[in-house]
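Engineer: As input, take coords-v2.txt (compact mmCIF, C-alpha atoms):
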```txt
# COMPACT_ATOMS: atom_id res chain seq x y z
CA MET A 1130 46.34 -7.40 54.34
CA THR A 1131 47.16 -9.90 57.10
CA ASP A 1132 44.72 -10.73 59.88
CA ALA A 1133 47.21 -9.37 62.45
CA VAL A 1134 47.20 -5.89 60.85
CA ARG A 1135 43.45 -5.53 60.26
CA PRO A 1136 42.41 -5.14 63.95
CA PHE A 1137 45.08 -2.48 64.50
CA ARG A 1138 43.97 -0.48 61.45
CA ALA A 1139 40.33 -0.85 62.45
CA ALA A 1140 41.14 0.57 65.90
CA LEU A 1141 42.91 3.58 64.36
CA TRP A 1142 39.94 4.28 62.08
CA MET A 1143 37.60 4.11 65.08
CA LEU A 1144 39.73 6.65 66.96
CA GLY A 1145 39.22 8.98 64.00
CA SER A 1146 35.49 8.41 64.31
CA VAL A 1147 35.62 9.21 68.05
CA VAL A 1148 37.30 12.57 67.44
CA ALA A 1149 35.00 13.50 64.54
CA PHE A 1150 31.78 12.69 66.41
CA THR A 1151 32.98 14.62 69.46
CA VAL A 1152 33.79 17.75 67.45
CA MET A 1153 30.44 17.45 65.64
CA ALA A 1154 28.58 17.42 68.97
CA VAL A 1155 30.31 20.63 70.07
CA ALA A 1156 29.53 22.30 66.72
CA ALA A 1157 25.89 21.19 66.91
CA ARG A 1158 25.52 22.66 70.41
CA ASN A 1159 26.70 26.02 69.03
CA VAL A 1160 23.99 26.20 66.32
CA SER A 1161 21.11 24.46 68.12
CA HIS A 1162 19.76 27.80 69.33
CA PHE A 1163 19.23 29.02 65.74
CA HIS A 1164 18.67 25.94 63.54
CA ASP A 1165 16.30 23.05 64.22
CA THR A 1166 17.50 19.46 63.85
CA PHE A 1167 16.12 19.06 60.31
CA GLU A 1168 17.97 22.15 59.14
CA ILE A 1169 21.22 21.02 60.76
CA LEU A 1170 20.97 17.65 59.03
CA THR A 1171 20.12 19.27 55.69
CA PHE A 1172 23.18 21.53 55.69
CA ARG A 1173 25.36 18.75 57.07
CA SER A 1174 24.31 16.43 54.24
CA ALA A 1175 24.81 19.14 51.60
CA VAL A 1176 28.37 19.77 52.76
CA GLY A 1177 28.95 16.03 53.06
CA LEU A 1178 27.71 15.29 49.53
CA VAL A 1179 30.09 17.88 48.05
CA LEU A 1180 33.00 16.37 50.01
CA VAL A 1181 32.13 12.80 49.00
CA LEU A 1182 31.84 13.75 45.31
CA ALA A 1183 35.14 15.66 45.46
CA TYR A 1184 36.85 12.71 47.12
CA GLY A 1185 35.39 10.21 44.64
CA ILE A 1186 36.37 12.28 41.61
CA THR A 1187 39.90 13.12 42.75
CA THR A 1188 40.68 9.52 43.74
CA GLY A 1189 39.00 7.98 40.70
CA ARG A 1190 36.65 5.97 42.92
CA ILE A 1191 33.40 7.65 41.91
CA GLY A 1192 32.75 4.70 39.60
CA GLU A 1193 32.28 2.51 42.70
CA VAL A 1194 28.96 4.24 43.36
CA SER A 1195 26.10 2.11 42.05
CA THR A 1196 22.45 1.32 42.69
CA LYS A 1197 23.33 -2.11 44.05
CA ASN A 1198 21.26 -2.88 47.16
CA LEU A 1199 19.52 0.49 46.95
CA SER A 1200 16.75 -0.76 49.25
CA GLY A 1201 19.39 -1.55 51.87
CA HIS A 1202 20.77 1.98 51.61
CA PHE A 1203 17.26 3.42 51.92
CA ILE A 1204 16.40 1.43 55.05
CA ARG A 1205 19.76 2.24 56.65
CA ASN A 1206 19.41 5.95 55.96
CA ILE A 1207 15.81 6.21 57.16
CA VAL A 1208 16.86 4.66 60.47
CA HIS A 1209 20.00 6.80 60.63
CA PHE A 1210 18.13 10.01 59.77
CA THR A 1211 15.71 9.31 62.61
CA GLY A 1212 18.53 8.58 65.04
CA GLN A 1213 20.50 11.69 64.04
CA ASN A 1214 17.49 13.95 64.53
CA LEU A 1215 16.94 12.53 68.00
CA TRP A 1216 20.67 12.91 68.77
CA PHE A 1217 20.83 16.57 67.70
CA LEU A 1218 17.61 17.24 69.63
CA ALA A 1219 19.07 15.72 72.79
CA ILE A 1220 22.30 17.73 72.44
CA GLY A 1221 20.34 20.96 72.76
CA LEU A 1222 18.30 19.76 75.76
CA ILE A 1223 20.53 17.88 78.19
CA PRO A 1224 24.26 17.86 79.19
CA LEU A 1225 26.59 16.46 76.54
CA ALA A 1226 28.00 13.77 78.84
CA GLN A 1227 24.48 12.54 79.54
CA VAL A 1228 23.68 12.40 75.82
CA PHE A 1229 26.76 10.30 75.15
CA ALA A 1230 26.15 8.08 78.18
CA LEU A 1231 22.67 7.18 76.96
CA GLU A 1232 23.88 6.87 73.37
CA PHE A 1233 26.43 4.31 74.49
CA THR A 1234 23.80 1.76 75.33
CA SER A 1235 23.94 1.25 71.55
CA PRO A 1236 27.24 -0.73 71.49
CA ILE A 1237 25.80 -3.10 74.09
CA TRP A 1238 22.98 -3.97 71.70
CA VAL A 1239 25.41 -4.29 68.78
CA ILE A 1240 27.59 -6.78 70.66
CA LEU A 1241 24.58 -8.82 71.72
CA LEU A 1242 22.75 -8.71 68.36
CA SER A 1243 25.72 -9.18 66.00
CA PRO A 1244 25.63 -12.98 66.39
CA LEU A 1245 21.97 -13.01 65.29
CA PHE A 1246 22.20 -10.63 62.32
CA LEU A 1247 25.86 -10.80 61.27
CA GLY A 1248 26.87 -14.31 62.23
CA GLU A 1249 29.65 -13.04 64.50
CA ARG A 1250 30.61 -15.20 67.47
CA LEU A 1251 29.80 -13.78 70.91
CA THR A 1252 32.85 -14.61 73.00
CA PRO A 1253 33.26 -14.26 76.76
CA THR A 1254 35.81 -11.50 76.14
CA ARG A 1255 33.32 -9.42 74.16
CA LEU A 1256 30.63 -9.98 76.77
CA MET A 1257 33.04 -8.79 79.46
CA ALA A 1258 34.00 -5.73 77.37
CA ALA A 1259 30.33 -4.83 76.92
CA ALA A 1260 29.61 -5.33 80.60
CA LEU A 1261 32.55 -3.17 81.70
CA GLY A 1262 31.56 -0.45 79.23
CA PHE A 1263 27.99 -0.42 80.50
CA VAL A 1264 29.09 -0.35 84.15
CA GLY A 1265 31.38 2.58 83.35
CA ILE A 1266 28.50 4.43 81.72
CA LEU A 1267 26.30 3.91 84.80
CA ILE A 1268 29.11 5.20 87.04
CA VAL A 1269 29.51 8.35 84.92
CA ALA A 1270 25.85 9.13 84.25
CA ARG A 1271 24.09 7.66 87.31
CA PRO A 1272 20.79 8.05 85.41
CA ASP A 1273 17.61 8.80 87.33
CA ILE A 1274 14.88 6.78 85.59
CA SER A 1275 12.20 8.54 87.65
CA ALA A 1276 13.11 11.90 86.09
CA LEU A 1277 12.66 11.18 82.41
CA SER A 1278 12.67 14.22 80.13
CA PRO A 1279 12.29 14.74 76.37
CA GLY A 1280 16.07 15.04 76.10
CA ILE A 1281 16.66 11.71 77.86
CA LEU A 1282 14.02 9.96 75.77
CA ALA A 1283 15.50 11.44 72.58
CA ALA A 1284 19.01 10.23 73.47
CA ALA A 1285 17.71 6.76 74.33
CA GLY A 1286 15.80 6.59 71.04
CA ALA A 1287 18.91 7.68 69.15
CA ALA A 1288 20.89 4.84 70.77
CA MET A 1289 18.39 2.27 69.52
CA CYS A 1290 18.56 3.69 66.01
CA PHE A 1291 22.37 3.75 66.01
CA ALA A 1292 22.54 0.09 67.04
CA ALA A 1293 20.36 -0.82 64.06
CA VAL A 1294 22.46 1.40 61.76
CA THR A 1295 25.68 -0.31 62.83
CA ILE A 1296 24.23 -3.73 62.00
CA LEU A 1297 22.89 -2.48 58.64
CA THR A 1298 26.19 -0.77 57.80
CA LYS A 1299 28.19 -3.91 58.53
CA ARG A 1300 25.92 -5.89 56.21
CA LEU A 1301 26.32 -3.28 53.46
CA THR A 1302 30.14 -3.36 53.70
CA ARG A 1303 30.05 -6.99 52.56
CA GLY A 1304 29.01 -5.98 49.05
CA VAL A 1305 29.19 -2.19 48.76
CA SER A 1306 32.26 0.06 48.80
CA VAL A 1307 32.81 2.69 51.49
CA ILE A 1308 32.37 5.57 49.03
CA GLY A 1309 29.14 4.02 47.77
CA ILE A 1310 27.76 3.93 51.32
CA LEU A 1311 28.82 7.54 51.96
CA PHE A 1312 27.36 8.79 48.66
CA TRP A 1313 23.91 7.35 49.32
CA LEU A 1314 24.13 8.44 52.97
CA THR A 1315 24.64 12.10 52.10
CA LEU A 1316 22.32 12.19 49.07
CA MET A 1317 19.38 10.43 50.69
CA GLN A 1318 19.67 12.34 53.94
CA LEU A 1319 19.89 15.62 52.05
CA CYS A 1320 16.55 14.77 50.44
CA PHE A 1321 15.04 13.68 53.76
CA GLY A 1322 16.29 16.85 55.43
CA LEU A 1323 14.92 19.19 52.76
CA ILE A 1324 11.50 17.56 52.96
CA CYS A 1325 11.34 17.70 56.75
CA ALA A 1326 12.98 21.13 57.15
CA GLY A 1327 10.50 22.70 54.73
CA TYR A 1328 7.38 21.06 56.12
CA ASP A 1329 6.38 24.31 57.86
CA GLY A 1330 7.17 26.44 54.79
CA HIS A 1331 10.22 28.04 56.40
CA ILE A 1332 13.93 27.17 56.45
CA ALA A 1333 16.39 29.24 58.49
CA TRP A 1334 19.36 29.69 56.17
CA PRO A 1335 22.92 29.86 57.55
CA THR A 1336 24.21 33.16 58.91
CA ALA A 1337 27.77 34.41 59.11
CA GLN A 1338 27.87 33.05 62.66
CA THR A 1339 26.37 29.61 62.02
CA LEU A 1340 27.86 28.83 58.59
CA PRO A 1341 31.35 27.85 59.89
CA TRP A 1342 29.79 25.56 62.49
CA LEU A 1343 27.51 23.95 59.91
CA ALA A 1344 30.45 23.41 57.56
CA LEU A 1345 32.36 21.79 60.44
CA ILE A 1346 29.37 19.54 61.17
CA GLY A 1347 29.32 18.46 57.52
CA LEU A 1348 33.06 17.78 57.45
CA CYS A 1349 32.98 15.85 60.72
CA GLY A 1350 29.92 13.90 59.62
CA VAL A 1351 31.68 12.58 56.51
CA THR A 1352 34.93 11.96 58.38
CA ALA A 1353 33.15 10.10 61.18
CA HIS A 1354 31.21 7.85 58.81
CA LEU A 1355 34.23 7.26 56.57
CA SER A 1356 36.18 6.18 59.65
CA LEU A 1357 33.36 4.06 61.10
CA THR A 1358 32.49 2.36 57.81
CA THR A 1359 36.15 1.60 57.06
CA ALA A 1360 36.62 0.17 60.55
CA LEU A 1361 33.55 -2.05 60.13
CA SER A 1362 34.93 -3.30 56.80
CA LEU A 1363 38.16 -4.36 58.54
CA ALA A 1364 36.90 -6.02 61.72
CA PRO A 1365 33.77 -7.46 63.36
CA ALA A 1366 31.25 -4.95 64.68
CA SER A 1367 31.47 -6.44 68.17
CA TYR A 1368 35.22 -5.64 68.17
CA VAL A 1369 35.03 -2.19 66.56
CA VAL A 1370 32.09 -0.63 68.39
CA PRO A 1371 33.36 -0.78 72.03
CA ILE A 1372 36.23 1.55 71.06
CA ASP A 1373 33.56 4.24 70.65
CA PHE A 1374 33.16 4.26 74.45
CA LEU A 1375 36.15 6.62 74.56
CA ARG A 1376 33.86 9.45 73.47
CA LEU A 1377 32.14 9.57 76.87
CA PRO A 1378 35.03 10.66 79.12
CA LEU A 1379 36.33 12.84 76.27
CA ILE A 1380 33.07 14.78 75.85
CA ALA A 1381 32.66 15.08 79.64
CA VAL A 1382 35.99 16.91 79.89
CA ILE A 1383 35.26 19.11 76.85
CA ALA A 1384 31.79 20.03 78.15
CA ALA A 1385 33.29 21.03 81.48
CA LEU A 1386 35.96 23.21 79.87
CA VAL A 1387 33.83 24.81 77.14
CA TYR A 1388 30.32 24.95 78.60
CA ALA A 1389 31.08 24.81 82.35
CA GLU A 1390 28.99 21.65 82.66
CA PRO A 1391 29.88 20.15 86.06
CA ILE A 1392 32.33 17.29 86.19
CA ASP A 1393 33.08 15.11 89.21
CA PRO A 1394 35.49 12.30 90.12
CA TRP A 1395 32.92 9.69 89.11
CA VAL A 1396 33.53 10.67 85.49
CA LEU A 1397 37.18 9.71 85.84
CA VAL A 1398 36.31 6.47 87.63
CA GLY A 1399 33.74 5.54 85.00
CA GLY A 1400 36.10 6.51 82.19
CA THR A 1401 38.76 4.20 83.64
CA VAL A 1402 36.30 1.30 83.75
CA ILE A 1403 35.22 2.02 80.17
CA PHE A 1404 38.81 2.11 78.99
CA GLY A 1405 39.43 -1.21 80.78
CA GLY A 1406 36.65 -2.84 78.81
CA ILE A 1407 37.92 -1.40 75.53
CA TRP A 1408 41.47 -2.50 76.17
CA LEU A 1409 40.37 -6.02 77.15
CA ASN A 1410 38.54 -6.46 73.85
CA VAL A 1411 41.21 -4.81 71.69
CA HIS A 1412 44.09 -6.68 73.34
CA SER A 1413 42.31 -10.02 72.96
CA GLN A 1414 41.60 -9.47 69.26
CA TRP A 1415 44.98 -7.95 68.47
CA ARG A 1416 47.05 -10.59 70.26
CA GLY A 1417 44.74 -13.45 69.34
CA SER A 1418 44.60 -14.49 72.99
CA ASP A 1419 40.99 -15.62 72.73
CA PRO A 1420 41.00 -18.93 70.83
CA ARG A 1421 37.28 -18.69 70.15
CA GLN A 1422 37.48 -15.24 68.53
CA THR A 1423 35.76 -15.13 65.17
CA ALA A 1424 37.73 -14.49 62.01
CA ILE A 1425 37.94 -10.93 60.68
CA THR A 1426 35.19 -10.31 58.15
CA LYS A 1427 36.01 -8.47 54.97
```
Translate the structure described by the file into structure tokens.
Structural biologist:
Amino acid sequence: MTDAVRPFRAALWMLGSVVAFTVMAVAARNVSHFHDTFEILTFRSAVGLVLVLAYGITTGRIGEVSTKNLSGHFIRNIVHFTGQNLWFLAIGLIPLAQVFALEFTSPIWVILLSPLFLGERLTPTRLMAAALGFVGILIVARPDISALSPGILAAAGAAMCFAAVTILTKRLTRGVSVIGILFWLTLMQLCFGLICAGYDGHIAWPTAQTLPWLALIGLCGVTAHLSLTTALSLAPASYVVPIDFLRLPLIAVIAALVYAEPIDPWVLVGGTVIFGGIWLNVHSQWRGSDPRQTAITK
């Protein structure tokens, strides 16, 4: 695959991740009144493990799953499990747009930390993309630091975990296949979820009303991580991650239409700024206009 094609394919995979994560948030909101976060993650991982095994067997790629770098998988999934629990908790407590706005401090940390942990070059273009994305988030969310709530703290904690997961995932893609990462993701988090969901001796099993939503969460979870992991294997994390900013204006519109959560013109203004930052970074990488841009990492 040529270097000119890889950024374009990475961007397409990230768009798939954007859609999958957005749908998963809506599905999670619809079951949060009945299932706690541990239960949601348990059922999500169970569905995901079945899908990953089916995909691996039908494509003949199941043999790519190995115990190579098992400690790396374990650390990544502990951090991710913590972040996902905080994310699902926040979804049930505060408006969806606010959850995503706080979550999107994560790409800022990825762009800034990728030179330290991944050896990726921090170019002026990427710094500008991160800055524009963050400004757009502030315009949309206009967070009130003086009014911190459990939901806000949970979303902020999730963002920190997701930044670490992105770095750890990128490092894993250098020696582990995508299906190997997804297999250990779903298996380990299924075990973590069962342990945590049953700590009080009671697990609320799916009902006829919640089962379709839980299945959708599982499907979207695998799809999102397949898309994200593939994108990270094709391009630098500091190029791939800013595309995820598109989720914020998207979820703001969906929340207004489905849950009657208020939307105002500032969402559109902030979304435009966010898109400007994304396009600046994507255009620079795709066209090769930035002479100091780092090479695509396999």
Engineer: Per residue of range 1280-1341 of chain A within 12 Å of range 1211-1217 of chain A, what are the shortest atom pair and its distance in Å to one decimal, counting only C-alpha atoms, with rows by chain and residue number, as a Markdown table?
Structural biologist:
```
| residue | atom | partner | partner_atom | distance |
| --- | --- | --- | --- | --- |
| A:Gly1280 | CA | A:Leu1215 | CA | 8.5 |
| A:Ile1281 | CA | A:Leu1215 | CA | 9.9 |
| A:Leu1282 | CA | A:Leu1215 | CA | 8.7 |
| A:Ala1283 | CA | A:Leu1215 | CA | 4.9 |
| A:Ala1284 | CA | A:Trp1216 | CA | 5.7 |
| A:Ala1285 | CA | A:Leu1215 | CA | 8.6 |
| A:Gly1286 | CA | A:Leu1215 | CA | 6.8 |
| A:Ala1287 | CA | A:Gly1212 | CA | 4.2 |
| A:Ala1288 | CA | A:Gly1212 | CA | 7.2 |
| A:Met1289 | CA | A:Gly1212 | CA | 7.7 |
| A:Cys1290 | CA | A:Gly1212 | CA | 5.0 |
| A:Phe1291 | CA | A:Gly1212 | CA | 6.2 |
| A:Ala1292 | CA | A:Gly1212 | CA | 9.6 |
| A:Ala1293 | CA | A:Gly1212 | CA | 9.6 |
| A:Val1294 | CA | A:Gly1212 | CA | 8.8 |
| A:Thr1295 | CA | A:Gly1212 | CA | 11.6 |
| A:Gln1318 | CA | A:Thr1211 | CA | 10.0 |
| A:Phe1321 | CA | A:Thr1211 | CA | 9.9 |
| A:Gly1322 | CA | A:Asn1214 | CA | 9.6 |
| A:Cys1325 | CA | A:Asn1214 | CA | 10.6 |
| A:Ala1326 | CA | A:Asn1214 | CA | 11.2 |
```
Engineer: Counting only C-alpha atoms, which of A:Arg1376, A:Arg1158, A:His1331, A:His1164 gets nearest to Ile1223 in chain A?
Structural biologist: A:Arg1158
Engineer: Between CA of Gly1406 in chain A and CA of Ala1366 in chain A, measure the distance and give it in Å to one decimal.
Structural biologist: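 It comes out at 15.3 Å.
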Engineer: Fewer than 4 positions away in the same chain doesn't count, so skip those; otherwise give me all residues within 12 Å of Arg1190 in chain A, counting all atoms listed in the file, as an mmCIF file with C-alpha atoms, in the frame of the given file.
Structural biologist:
```
data_model
loop_
_atom_site.group_PDB
_atom_site.id
_atom_site.type_symbol
_atom_site.label_atom_id
_atom_site.label_comp_id
_atom_site.auth_asym_id
_atom_site.auth_seq_id
_atom_site.Cartn_x
_atom_site.Cartn_y
_atom_site.Cartn_z
ATOM 1 C CA VAL A 1181 32.130 12.800 49.000
ATOM 2 C CA LEU A 1182 31.840 13.750 45.310
ATOM 3 C CA ALA A 1183 35.140 15.660 45.460
ATOM 4 C CA TYR A 1184 36.850 12.710 47.120
ATOM 5 C CA GLY A 1185 35.390 10.210 44.640
ATOM 6 C CA ILE A 1186 36.370 12.280 41.610
ATOM 7 C CA VAL A 1194 28.960 4.240 43.360
ATOM 8 C CA SER A 1195 26.100 2.110 42.050
ATOM 9 C CA SER A 1306 32.260 0.060 48.800
ATOM 10 C CA VAL A 1307 32.810 2.690 51.490
ATOM 11 C CA ILE A 1308 32.370 5.570 49.030
ATOM 12 C CA GLY A 1309 29.140 4.020 47.770
ATOM 13 C CA PHE A 1312 27.360 8.790 48.660
#
```
Engineer: As a PyMOL selection string, please: the residues near Trp1395 in chain A (cut-off 8 Å, only C-alpha atoms, same-chain neighbours under 2 positions excluded).
Structural biologist: chain A and resi 1268-1269+1393+1397-1399
Engineer: I need the residues from that last selection saved to file as a JSON list (two decimals), in the coordinates of the input (with C-alpha atoms), if you can.
Structural biologist:
```json
[["chain", "number", "residue", "atom", "x", "y", "z"],
["A", 1268, "ILE", "CA", 29.11, 5.20, 87.04],
["A", 1269, "VAL", "CA", 29.51, 8.35, 84.92],
["A", 1393, "ASP", "CA", 33.08, 15.11, 89.21],
["A", 1397, "LEU", "CA", 37.18, 9.71, 85.84],
["A", 1398, "VAL", "CA", 36.31, 6.47, 87.63],
["A", 1399, "GLY", "CA", 33.74, 5.54, 85.00]]
```
Engineer: List as a ChimeraX atom specification the protein and nucleic acid residues near Leu1256 in chain A, meaning an atom at most 9 Å away when only C-alpha atoms are counted, but skip any in the same chain fewer than 3 places from it.
Structural biologist: /A:1237,1240-1241,1251-1253,1259-1261
Engineer: Take CA of Phe1404 in chain A and CA of Ser1356 in chain A and report the distance between them in Å, one decimal.
Structural biologist: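 Calculated distance between CA of Phe1404 in chain A and CA of Ser1356 in chain A is 19.9 Å.
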Engineer: Could you check the closest approach to Glu1232 in chain A for each of A:Lys1299, A:Arg1135, A:Leu1377, A:Ile1346 and tell me which residue wins, using all atoms listed in the file?
Structural biologist: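 Nearest candidate to Glu1232 in chain A out of A:Lys1299, A:Arg1135, A:Leu1377, A:Ile1346: A:Leu1377.
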Engineer: I need the residue nearest Phe1233 in chain A from this list: A:Trp1408, A:Leu1375, A:Ala1360, A:Val1176. Use all atoms listed in the file for the distance.
Structural biologist: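 Looking only at the distances to Phe1233 in chain A, the closest residue turns out to be A:Leu1375.
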Engineer: Can you tell me how far CA of Val1239 in chain A sits from CA of Pro1371 in chain A, in Å to one decimal?
Structural biologist: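 CA of Val1239 in chain A sits 9.3 Å away from CA of Pro1371 in chain A.
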Engineer: Rank A:Val1134, A:Ala1258, A:Leu1218, A:Leu1311 by their smallest atom-to-atom distance to His1354 in chain A, using only C-alpha atoms, and report the top residue only.
Structural biologist: A:Leu1311
Engineer: Measuring between all atoms listed in the file, which one of A:Phe1246, A:Phe1229, A:Phe1150, A:Trp1342 shows the shortest distance to Leu1267 in chain A?
Structural biologist: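 Of all the options, A:Phe1229 lies closest to Leu1267 in chain A.
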Engineer: Tell me which protein, DNA and RNA residues are within 12 Å of Ser1200 in chain A, counting all atoms listed in the file, leaving out same-chain ones fewer than 5 positions away, and put them as an mmCIF file with C-alpha atoms, keeping the file's coordinate frame.
Structural biologist:
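Output (result-v7.cif):
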```cif
data_model
loop_
_atom_site.group_PDB
_atom_site.id
_atom_site.type_symbol
_atom_site.label_atom_id
_atom_site.label_comp_id
_atom_site.auth_asym_id
_atom_site.auth_seq_id
_atom_site.Cartn_x
_atom_site.Cartn_y
_atom_site.Cartn_z
ATOM 1 C CA ARG A 1205 19.760 2.240 56.650
ATOM 2 C CA ASN A 1206 19.410 5.950 55.960
ATOM 3 C CA ILE A 1207 15.810 6.210 57.160
ATOM 4 C CA LEU A 1297 22.890 -2.480 58.640
ATOM 5 C CA LEU A 1301 26.320 -3.280 53.460
ATOM 6 C CA TRP A 1313 23.910 7.350 49.320
ATOM 7 C CA MET A 1317 19.380 10.430 50.690
#
```
Engineer: I'd like to know which of A:Pro1224, A:Gly1177, A:Gly1201, A:Gly1145 is closest to Pro1391 in chain A, using all atoms listed in the file.
Structural biologist: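 Between A:Pro1224, A:Gly1177, A:Gly1201, A:Gly1145, the residue approaching Pro1391 in chain A most closely is A:Pro1224.
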Engineer: Around all the atoms of range 1390-1398 of chain A listed in the file, with 5 Å of room on each side, what axis-aligned box do you get, giving centre and edge lengths in Å to one decimal, as AutoDock Vina command-line options?
Structural biologist:
```
--center_x 33.1 --center_y 14.1 --center_z 86.4 --size_x 18.2 --size_y 25.2 --size_z 17.5
```
Engineer: Determine, counting all atoms listed in the file, every residue of protein, DNA or RNA that lies within 7 Å of (41.2, 0.2, 58.8) in the file coordinates, then give the result as a ChimeraX atom specification.
Structural biologist: /A:1135,1138-1139,1141-1142,1359-1360,1363
